[in-house]
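Contents: one structure, followed by commentary.
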Amino acid sequence: MMRRFHVSAFFLLAATLVALGTNKGFTQSVSTADLRERSRPRLEAIYERGEMRAKPFRAEWLLDSSGYLVRELDEETGKAIRVVYDAASGKQRIADGNKQVGVSNHLLSPDGTKRLQEDGRSWNVLDTQSGEKRKLTAESMQPDVSYQDISWSPDGQRVLFVESDSSEVRTRNVIVPDDPSYPSVRKTRFARVGTKIPSLRIGVIEIENQQTRWSPIELPEDGGYFGQLSWAGNSDEVLVERISRFRDKREFLLAKVGGDVTSIFSETNDAWAIGSHEINSGATWIDDGKRFIFLSEKDGWRQAFSISRGGDDLRLLTPGGYDIIDRAEPNDVVDEQNGWYYFYASPSNATQRYLHRVPLDGSGTLEQVTPDNQPGWHEYQFSPDRKWAFHTYSTLNTPPVVDLVTIPEHRSIRTLEENSELRARADEVIARPAEFIQLQITKDVTVDASMIKPRDFDETKRHPVFVYVYGEPYLQTVLDRWGAAQVDFHRTIADLGYIVVSIDNRGTPSPKGAAWRRSIFGSLGPLSTEEQAAAIQELARTRSYVDLSRVGIWGWSGGGSNTLNALFRKPDVYQLGIAVVPKPQPHLYNAWFQEIYMRTPEVNADGYTRSAPIGFADGLKGKLLIMTGSGETNTHIQIIEGLVDRLIELGKPFDYMVYPNRDHGLREGKGTEVHVRMLITRYLLENLPPGPMSMSSSPQ
């Protein structure tokens, strides 16, 4: 009953808005304060009670693929129990609590007799029979040394790991919110663009005598990274993926424990070989360790290749003009018995995702496994034998349904989670389904966009537009997937009387080829600013109901940076901007992300100058709200305060909100998530009038 009450509040708001539109334009018979407060129940339902969030289905496949393990609450006792379901019949049994159920656990030794256990800054080996513990790695005297990517050798006699040493990474002071009058200060490591990054080295520990052997594989003096690190099909050799600091060079190396190192494959890209999402990174062994599969964009598309252990036989598995969007889970999904490699792709629609497969022998016949009659977004969790999968299907407008399917027939065996309550709620809340459109902004460039119209939309009148932007290489916003890109918040905004639009410019990680993604290399900001503005103008040109005199834009993180660039560089296009945790000075951002796309100011000074919003602040004409948290560990507050000082120096009016001790997601503290959205809502309502206006009252 409580949930029904909150949903009914949505309709109260909508009914109020319908009454606001007149033939003479927008008449504010209800104050913006009233409109804002009537949004509160909806935002509380979304962010405090999670009423628009889908129920996840969590299960673990048994190693023999006969069934799966689910952790549930016993209806009688209320205690947590482990239930095993038979895949074929659905019959269930209670798992023996004293025995290890056959599910994957990478910390368990291959014979199940030992388990790796993290203990502060060291690792132990636990005997699963006796419970005896012994140190595997000594407690480091240096607090900035840690151990990562730990894995057992196939014979269970050795453990592989990466040692990360951050002791030479510079520290920055962070206020600790303890005593309000005399707060403490702690130091935290932060690798800024162009500064020292953690040093890494690879080790192998002998379990019997705890002797550590260090690999001779080194990284350049200025630093670098390791991607794939795994045993190479036996207990004597290790496969290492070595990546340069700028991620423009990638190499697969085969290293004998305590011995020789051989290069199997290497590639260099003028921009980057491995992006921040790291989809290309990694490898999977096949053919009893004679070959492995990896992803590369060296030929212009994200494709799968297999290569022989010696590096002399390279085969393209996925020929054609399309991108692999991602690997299927878990990791790479290979059906060696039947000769197939599975992955996600969507050759004809960059907003969607489907399961595909190709033959392992390189004959290249692409097959779509997902049925054609389920357009949208698909996720699969395969069984170890690749004959079953948990399948999750959703769209931006329809909540997820999880079912058990057979592979490759894709026959649905049973529904595992139908999210029936959420589907009923969605039917009531979603007055107008989000639309997907394409906008041609030049002869050769067409961008994807999504659009949510107000509940009271009238195509004979002009409506204000509120743009949600990200525009950087880390993620897309235009996705046909439930919950994508803060859509629940945007539906709330739309029902206040705005058309909410999001656009994926070139440079976003859309599956449209390497050239699309790498077009922004050297300077994040200029191209996205131009294409976002061009897309809004094209939207207005092709749709008369778009009011170019009322256009606002907002974004988070990289989207906050693009919001600043839009407002500063295109002041005649945007009348309002809300920049949440932006990075107006990219040279102060973290090295791990920024250096991929822009190198360092030492080698790319012009790119940093052209990218930095702070350098264009004198162009500000419209309303600007900057939001951040004083506890930021990513786009830390000093990056933003430089812009604040610059705007003050220029005499520019703007608004600035700092949430005490909140980090990048602005989630810490009771009520924060709702408060953030309420502030955005208030600022929008007060500075960009909502609702329809007659064509004559709103000149273009």
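Lettering and numbering for the structure tokens are positional, with chains as A, B, ... in the shown order, residues counted from 1 in each chain, and ligands counted from 1 in the shown order.
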Exercise: region 223-226 of chain A partners within 6 Å, only C-alpha atoms, chain neighbours under 3 positions left out, as a ChimeraX atom specification: /A:219-220,241-245
Secondary structure check, strand (DSSP E) residues of region 337-419 of chain A, as a PyMOL selection string: chain A and resi 340-345+354-359+367-368+377-382+388-394+401-406+412-417
Neighbour list for Lys387 (chain A) as number ranges by chain, cut-off 10 Å, only C-alpha atoms, skip fewer than 6 positions in-chain: A: 65, 335, 405-410
Put those residues in a file: C-alpha atoms, as a PDB file, in the first residue's frame.
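After the write, result.pdb holds the following:
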ATOM      1  CA  SER A  65      26.926 -27.862 -14.725  1.00  0.00           C
ATOM      2  CA  ASP A 335      32.967 -24.103 -26.171  1.00  0.00           C
ATOM      3  CA  VAL A 405      18.050 -20.994 -21.296  1.00  0.00           C
ATOM      4  CA  THR A 406      19.749 -23.746 -23.225  1.00  0.00           C
ATOM      5  CA  ILE A 407      22.676 -22.881 -25.457  1.00  0.00           C
ATOM      6  CA  PRO A 408      22.769 -22.549 -28.435  1.00  0.00           C
ATOM      7  CA  GLU A 409      19.031 -23.215 -28.993  1.00  0.00           C
ATOM      8  CA  HIS A 410      18.109 -20.417 -26.557  1.00  0.00           C
TER       9      HIS A 410
END
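The space separating CA of Met695 (chain A) from CA of Thr460 (chain A) comes to 7.4 Å.
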Can you tell me which residues surround region 133-137 of chain A at a distance of at most 7 Å, considering only C-alpha atoms, apart from same-chain residues fewer than 3 positions away, and format the answer as an mmCIF file with all heavy atoms, in the first residue's frame?
data_model
loop_
_atom_site.group_PDB
_atom_site.id
_atom_site.type_symbol
_atom_site.label_atom_id
_atom_site.label_comp_id
_atom_site.auth_asym_id
_atom_site.auth_seq_id
_atom_site.Cartn_x
_atom_site.Cartn_y
_atom_site.Cartn_z
ATOM 1 N N SER A 122 49.088 -8.873 4.127
ATOM 2 C CA SER A 122 49.751 -10.127 3.802
ATOM 3 C C SER A 122 48.705 -11.177 3.422
ATOM 4 O O SER A 122 47.498 -10.942 3.504
ATOM 5 C CB SER A 122 50.586 -10.619 4.989
ATOM 6 O OG SER A 122 49.740 -10.937 6.082
ATOM 7 N N TRP A 123 49.198 -12.344 3.003
ATOM 8 C CA TRP A 123 48.317 -13.457 2.641
ATOM 9 C C TRP A 123 48.726 -14.710 3.413
ATOM 10 O O TRP A 123 49.920 -14.952 3.654
ATOM 11 C CB TRP A 123 48.389 -13.733 1.139
ATOM 12 C CG TRP A 123 47.628 -12.737 0.322
ATOM 13 C CD1 TRP A 123 48.031 -11.485 -0.033
ATOM 14 C CD2 TRP A 123 46.323 -12.901 -0.231
ATOM 15 N NE1 TRP A 123 47.062 -10.848 -0.766
ATOM 16 C CE2 TRP A 123 46.003 -11.699 -0.915
ATOM 17 C CE3 TRP A 123 45.395 -13.944 -0.237
ATOM 18 C CZ2 TRP A 123 44.797 -11.509 -1.582
ATOM 19 C CZ3 TRP A 123 44.191 -13.771 -0.899
ATOM 20 C CH2 TRP A 123 43.895 -12.562 -1.551
ATOM 21 N N ASN A 124 47.719 -15.498 3.800
ATOM 22 C CA ASN A 124 47.932 -16.773 4.473
ATOM 23 C C ASN A 124 47.486 -17.912 3.576
ATOM 24 O O ASN A 124 46.702 -17.729 2.645
ATOM 25 C CB ASN A 124 47.126 -16.856 5.784
ATOM 26 C CG ASN A 124 47.533 -15.795 6.780
ATOM 27 O OD1 ASN A 124 48.704 -15.399 6.835
ATOM 28 N ND2 ASN A 124 46.581 -15.328 7.578
ATOM 29 N N VAL A 125 47.979 -19.112 3.908
ATOM 30 C CA VAL A 125 47.460 -20.343 3.315
ATOM 31 C C VAL A 125 46.742 -21.110 4.424
ATOM 32 O O VAL A 125 47.337 -21.422 5.462
ATOM 33 C CB VAL A 125 48.584 -21.207 2.718
ATOM 34 C CG1 VAL A 125 48.006 -22.520 2.203
ATOM 35 C CG2 VAL A 125 49.271 -20.470 1.584
ATOM 36 N N LEU A 126 45.467 -21.389 4.222
ATOM 37 C CA LEU A 126 44.649 -22.087 5.203
ATOM 38 C C LEU A 126 44.460 -23.528 4.767
ATOM 39 O O LEU A 126 44.036 -23.802 3.637
ATOM 40 C CB LEU A 126 43.285 -21.400 5.341
ATOM 41 C CG LEU A 126 42.246 -22.090 6.210
ATOM 42 C CD1 LEU A 126 42.650 -22.035 7.681
ATOM 43 C CD2 LEU A 126 40.872 -21.455 6.020
ATOM 44 N N ASP A 127 44.773 -24.477 5.647
ATOM 45 C CA ASP A 127 44.511 -25.894 5.394
ATOM 46 C C ASP A 127 43.030 -26.142 5.637
ATOM 47 O O ASP A 127 42.537 -25.946 6.759
ATOM 48 C CB ASP A 127 45.365 -26.763 6.313
ATOM 49 C CG ASP A 127 45.278 -28.234 5.953
ATOM 50 O OD1 ASP A 127 44.149 -28.788 5.984
ATOM 51 O OD2 ASP A 127 46.325 -28.835 5.641
ATOM 52 N N GLN A 210 58.085 -21.517 0.872
ATOM 53 C CA GLN A 210 57.748 -20.086 0.873
ATOM 54 C C GLN A 210 58.827 -19.220 0.206
ATOM 55 O O GLN A 210 58.936 -18.032 0.475
ATOM 56 C CB GLN A 210 57.488 -19.589 2.297
ATOM 57 C CG GLN A 210 56.252 -20.213 2.928
ATOM 58 C CD GLN A 210 56.010 -19.706 4.330
ATOM 59 O OE1 GLN A 210 56.741 -20.042 5.254
ATOM 60 N NE2 GLN A 210 54.989 -18.898 4.485
#
With only C-alpha atoms as the counted atoms, please give the residues lying no more than 10 Å from region 565-571 of chain A, apart from itself and same-chain residues fewer than 5 positions off, as an mmCIF file with C-alpha atoms, in the first residue's frame.
data_model
loop_
_atom_site.group_PDB
_atom_site.id
_atom_site.type_symbol
_atom_site.label_atom_id
_atom_site.label_comp_id
_atom_site.auth_asym_id
_atom_site.auth_seq_id
_atom_site.Cartn_x
_atom_site.Cartn_y
_atom_site.Cartn_z
ATOM 1 C CA VAL A 469 25.874 14.476 -21.242
ATOM 2 C CA GLY A 525 36.442 18.378 -24.842
ATOM 3 C CA PRO A 526 36.648 20.190 -28.186
ATOM 4 C CA SER A 528 32.390 16.492 -27.904
ATOM 5 C CA THR A 529 31.410 20.143 -27.401
ATOM 6 C CA GLU A 530 31.011 20.713 -31.130
ATOM 7 C CA GLN A 532 26.735 17.874 -28.765
ATOM 8 C CA ALA A 533 25.793 21.401 -29.838
ATOM 9 C CA GLY A 552 19.959 23.225 -20.321
ATOM 10 C CA ILE A 553 22.711 20.647 -19.931
ATOM 11 C CA TRP A 554 24.034 18.611 -17.036
ATOM 12 C CA GLY A 559 29.905 14.764 -18.134
ATOM 13 C CA GLY A 560 30.420 17.619 -15.695
ATOM 14 C CA LEU A 576 21.890 26.667 -18.147
ATOM 15 C CA GLY A 577 24.420 24.092 -17.007
ATOM 16 C CA ILE A 578 24.774 21.878 -13.923
ATOM 17 C CA ALA A 579 28.254 20.368 -13.583
ATOM 18 C CA PRO A 584 37.985 21.678 -15.253
ATOM 19 C CA SER A 611 40.713 20.496 -23.350
ATOM 20 C CA ALA A 612 40.610 22.463 -20.084
ATOM 21 C CA PRO A 613 37.258 24.184 -19.403
ATOM 22 C CA ILE A 614 39.005 26.646 -17.064
ATOM 23 C CA GLY A 615 40.653 28.252 -20.067
ATOM 24 C CA PHE A 616 37.288 29.153 -21.602
ATOM 25 C CA ALA A 617 35.493 30.397 -18.464
ATOM 26 C CA ASP A 618 35.265 33.928 -19.815
ATOM 27 C CA GLY A 619 32.634 32.665 -22.282
ATOM 28 C CA LEU A 620 30.070 32.018 -19.537
ATOM 29 C CA LYS A 621 26.744 33.793 -20.124
ATOM 30 C CA GLY A 622 24.095 31.425 -18.770
ATOM 31 C CA LYS A 623 23.272 30.058 -15.357
ATOM 32 C CA LEU A 624 25.869 27.681 -13.873
#
Residues within 7 Å of region 600-602 of chain A, only C-alpha atoms, excluding chain neighbours under 6 positions, as JSON, numbers by chain: {"A": [193, 194, 587, 608]}
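Omitting Ser276 (chain A) and its sequence neighbours fewer than 6 positions away, and counting only C-alpha atoms, the residues within 8 Å are A:Pro473, A:Tyr474, A:Phe593, A:Ile596.
Here CA of Asp326 (chain A) and CA of Thr563 (chain A) stand 28.6 Å from one another.
Across the model, the gap from CA of Phe252 (chain A) to CA of Ala591 (chain A) is 23.2 Å.
You can rank A:Thr365, A:Thr113, A:Ser561, A:Gln476 by their closest distance to Ala350 (chain A) using only C-alpha atoms, and at the top of that list sits A:Gln476.
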Counting only C-alpha atoms, the residue of A:Leu496, A:Ile324, A:Val238, A:Leu200 that sits nearest Ser31 (chain A): A:Leu496
Backbone-only DSSP, alpha helix (DSSP H) members of region 468-690 of chain A, as a PyMOL selection string: chain A and resi 487-494+514-518+526-542+558-569+591-598+605-611+637-650+672-687
With only C-alpha atoms counted and 6 Å as the cut-off, give the residues of region 579-636 of chain A in contact with region 651-663 of chain A, each with its shortest interatomic distance in Å and the pair that gives it, as a tab-separated table.
residue	atom	partner	partner_atom	distance
A:Leu624	CA	A:Phe654	CA	5.0
A:Leu625	CA	A:Asp655	CA	4.6
A:Ile626	CA	A:Tyr656	CA	4.8
A:Met627	CA	A:Met657	CA	4.8
A:Thr628	CA	A:Val658	CA	5.1
A:Gly629	CA	A:Tyr659	CA	4.5
A:Ser630	CA	A:Asn661	CA	4.9
A:Gly631	CA	A:Asn661	CA	3.9
A:Glu632	CA	A:Asp663	CA	4.2
Restricted to N, CA, C and O atoms, what would the selected residues look like written as a PDB file, in the first residue's frame?
ATOM      1  N   LEU A 624      24.978  28.811 -14.136  1.00  0.00           N
ATOM      2  CA  LEU A 624      25.869  27.681 -13.873  1.00  0.00           C
ATOM      3  C   LEU A 624      25.812  27.286 -12.410  1.00  0.00           C
ATOM      4  O   LEU A 624      25.955  28.136 -11.521  1.00  0.00           O
ATOM      5  N   LEU A 625      25.615  26.000 -12.178  1.00  0.00           N
ATOM      6  CA  LEU A 625      25.716  25.416 -10.844  1.00  0.00           C
ATOM      7  C   LEU A 625      26.808  24.353 -10.875  1.00  0.00           C
ATOM      8  O   LEU A 625      26.775  23.446 -11.710  1.00  0.00           O
ATOM      9  N   ILE A 626      27.789  24.467  -9.980  1.00  0.00           N
ATOM     10  CA  ILE A 626      28.842  23.470  -9.827  1.00  0.00           C
ATOM     11  C   ILE A 626      28.600  22.740  -8.517  1.00  0.00           C
ATOM     12  O   ILE A 626      28.378  23.369  -7.478  1.00  0.00           O
ATOM     13  N   MET A 627      28.654  21.397  -8.553  1.00  0.00           N
ATOM     14  CA  MET A 627      28.421  20.581  -7.361  1.00  0.00           C
ATOM     15  C   MET A 627      29.581  19.616  -7.180  1.00  0.00           C
ATOM     16  O   MET A 627      30.066  19.018  -8.140  1.00  0.00           O
ATOM     17  N   THR A 628      30.015  19.462  -5.926  1.00  0.00           N
ATOM     18  CA  THR A 628      31.086  18.509  -5.640  1.00  0.00           C
ATOM     19  C   THR A 628      31.007  18.088  -4.178  1.00  0.00           C
ATOM     20  O   THR A 628      30.129  18.522  -3.443  1.00  0.00           O
ATOM     21  N   GLY A 629      31.935  17.232  -3.781  1.00  0.00           N
ATOM     22  CA  GLY A 629      32.050  16.813  -2.389  1.00  0.00           C
ATOM     23  C   GLY A 629      33.442  17.129  -1.880  1.00  0.00           C
ATOM     24  O   GLY A 629      34.431  16.966  -2.605  1.00  0.00           O
ATOM     25  N   SER A 630      33.550  17.554  -0.642  1.00  0.00           N
ATOM     26  CA  SER A 630      34.871  17.906  -0.107  1.00  0.00           C
ATOM     27  C   SER A 630      35.713  16.666   0.171  1.00  0.00           C
ATOM     28  O   SER A 630      36.922  16.769   0.385  1.00  0.00           O
ATOM     29  N   GLY A 631      35.090  15.488   0.161  1.00  0.00           N
ATOM     30  CA  GLY A 631      35.826  14.246   0.380  1.00  0.00           C
ATOM     31  C   GLY A 631      36.201  13.540  -0.899  1.00  0.00           C
ATOM     32  O   GLY A 631      36.545  12.350  -0.882  1.00  0.00           O
ATOM     33  N   GLU A 632      36.177  14.248  -2.022  1.00  0.00           N
ATOM     34  CA  GLU A 632      36.493  13.652  -3.324  1.00  0.00           C
ATOM     35  C   GLU A 632      37.881  13.020  -3.351  1.00  0.00           C
ATOM     36  O   GLU A 632      38.864  13.645  -2.951  1.00  0.00           O
TER      37      GLU A 632
END
Give me, as JSON lines, each residue of region 296-338 of chain A that comes within 10 Å of region 253-259 of chain A, together with its shortest interatomic pair and the distance in Å at one decimal, counting only C-alpha atoms, with rows ordered by chain and rising residue number.
{"residue": "A:Arg309", "atom": "CA", "partner": "A:Leu254", "partner_atom": "CA", "distance": 8.4}
{"residue": "A:Gly310", "atom": "CA", "partner": "A:Leu254", "partner_atom": "CA", "distance": 9.0}
{"residue": "A:Gly311", "atom": "CA", "partner": "A:Leu253", "partner_atom": "CA", "distance": 9.9}
Write the residues you've just listed into a file as a JSON list (two decimals), in the first residue's frame, and include N, CA, C and O atoms for each of them.
[["chain", "number", "residue", "atom", "x", "y", "z"],
["A", 309, "ARG", "N", 51.03, -20.62, -29.30],
["A", 309, "ARG", "CA", 51.90, -20.38, -28.15],
["A", 309, "ARG", "C", 53.24, -19.79, -28.55],
["A", 309, "ARG", "O", 53.82, -18.97, -27.84],
["A", 310, "GLY", "N", 53.70, -20.16, -29.72],
["A", 310, "GLY", "CA", 54.97, -19.63, -30.19],
["A", 310, "GLY", "C", 54.86, -18.29, -30.88],
["A", 310, "GLY", "O", 55.87, -17.67, -31.22],
["A", 311, "GLY", "N", 53.63, -17.83, -31.15],
["A", 311, "GLY", "CA", 53.41, -16.54, -31.76],
["A", 311, "GLY", "C", 53.52, -16.53, -33.27],
["A", 311, "GLY", "O", 53.44, -15.46, -33.89]]
